[in-house]
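A.B. asks: One file: data-v8.cif (mmCIF, C-alpha atoms).
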```
data_entry
loop_
_atom_site.label_atom_id
_atom_site.label_comp_id
_atom_site.auth_asym_id
_atom_site.auth_seq_id
_atom_site.Cartn_x
_atom_site.Cartn_y
_atom_site.Cartn_z
CA MET C 1 35.91 -40.77 54.58
CA HIS C 2 38.07 -39.00 57.16
CA PRO C 3 41.23 -36.94 56.55
CA LEU C 4 44.52 -38.70 57.13
CA PRO C 5 46.48 -37.79 60.27
CA ASP C 6 49.08 -35.03 59.81
CA ALA C 7 51.93 -37.37 60.79
CA MET C 8 50.97 -39.78 58.02
CA LEU C 9 50.71 -36.98 55.45
CA ASP C 10 54.05 -35.51 56.56
CA ARG C 11 55.74 -38.87 56.00
CA PHE C 12 54.11 -39.25 52.59
CA TYR C 13 55.26 -35.79 51.47
CA SER C 14 58.80 -36.04 52.84
CA GLU C 15 59.72 -39.72 52.37
CA ILE C 16 57.40 -41.48 49.94
CA LEU C 17 56.48 -38.85 47.34
CA PRO C 18 60.10 -37.99 46.44
CA LYS C 19 60.67 -41.67 45.59
CA ILE C 20 57.56 -42.20 43.45
CA HIS C 21 56.75 -38.77 41.96
CA HIS C 22 57.84 -39.77 38.44
CA LYS C 23 55.43 -42.74 38.44
CA ILE C 24 52.28 -40.86 39.51
CA LYS C 25 49.69 -40.53 36.77
CA TRP C 26 46.54 -39.81 38.75
CA LEU C 27 45.80 -38.37 42.18
CA ASP C 28 42.61 -38.28 44.22
CA LEU C 29 43.03 -35.47 46.74
CA GLU C 30 41.19 -33.64 49.44
CA PRO C 31 41.16 -29.88 48.77
CA THR C 32 43.34 -29.28 51.85
CA SER C 33 46.09 -31.49 50.37
CA LEU C 34 46.04 -30.16 46.81
CA GLU C 35 48.53 -27.30 47.05
CA ARG C 36 50.92 -29.11 49.36
CA ILE C 37 51.21 -32.23 47.24
CA LEU C 38 51.55 -30.36 43.95
CA LEU C 39 54.34 -28.20 45.42
CA ALA C 40 56.10 -31.16 47.06
CA ALA C 41 57.26 -32.83 43.86
CA ASN C 42 57.40 -32.49 40.10
CA CYS C 43 54.94 -35.16 39.00
CA SER C 44 55.90 -35.11 35.33
CA ASN C 45 53.55 -37.95 34.33
CA LEU C 46 50.54 -36.57 36.21
CA TYR C 47 47.62 -36.21 33.82
CA GLU C 48 44.60 -36.13 36.14
CA VAL C 49 43.72 -34.77 39.57
CA SER C 50 40.39 -35.48 41.22
CA LEU C 51 39.11 -33.63 44.25
CA ILE C 52 37.35 -35.52 47.00
CA LEU C 53 34.66 -33.34 48.52
CA ASN C 54 32.87 -34.44 51.68
CA LYS C 55 29.55 -33.07 52.79
CA ALA C 56 29.48 -31.84 56.36
CA GLU C 57 27.51 -34.20 58.55
#
```
Would you mind writing the structure in this file as structure tokens?
C.D. replies:
Amino acid sequence: MHPLPDAMLDRFYSEILPKIHHKIKWLDLEPTSLERILLAANCSNLYEVSLILNKAE
């Protein structure tokens, strides 16, 4: 698995997340995205966060 491009993440945080934050119940995140996504919106129904860790090749 490869990290998503910054442009795609920026769009998700600024345009998509604000529209769906109240519906999110579970997130699978890369450690580099964790802080940014949790600060971007109040995910009031969020009950689980999983971290995706990749071994260096």
A.B. asks: Could you state which residues are captured by the PyMOL selection byres ((chain C and resi 20-25) around 9) in this file, as a PyMOL selection string?
C.D. replies: chain C and resi 16-19+26-27+41-49
A.B. asks: Please put the answer as lines of an AutoDock Vina configuration file: centre and edge lengths, in Å with one decimal, of a box along x, y and z that encloses all listed atoms of stretch 24-27 of chain C plus 6 Å on each side.
C.D. replies:
```
center_x = 49.0
center_y = -39.6
center_z = 39.5
size_x = 18.5
size_y = 14.5
size_z = 17.4
```
A.B. asks: If you measure from atom CA of C:Glu35 to atom CA of C:Glu15, what distance in Å do you get, rounded to one decimal?
C.D. replies: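 If I compute the distance from atom CA of C:Glu35 to atom CA of C:Glu15, I get 17.5 Å.
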A.B. asks: Between atom CA of C:Arg11 and atom CA of C:Ile52, what is the distance in Å, rounded to a tenth?
C.D. replies: 20.7 Å
A.B. asks: Could you check the closest approach to C:Leu39 for each of C:Met8, C:Asn54, C:Ser14, C:His2 and tell me which residue wins, using only C-alpha atoms?
C.D. replies: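 Ranking C:Met8, C:Asn54, C:Ser14, C:His2 by distance to C:Leu39, first place goes to C:Ser14.
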A.B. asks: Would you write out, as number ranges by chain, every residue that the PyMOL selection byres ((chain C and resi 51) around 7) captures in this file?
C.D. replies: C: 28-31, 49-50, 52-53
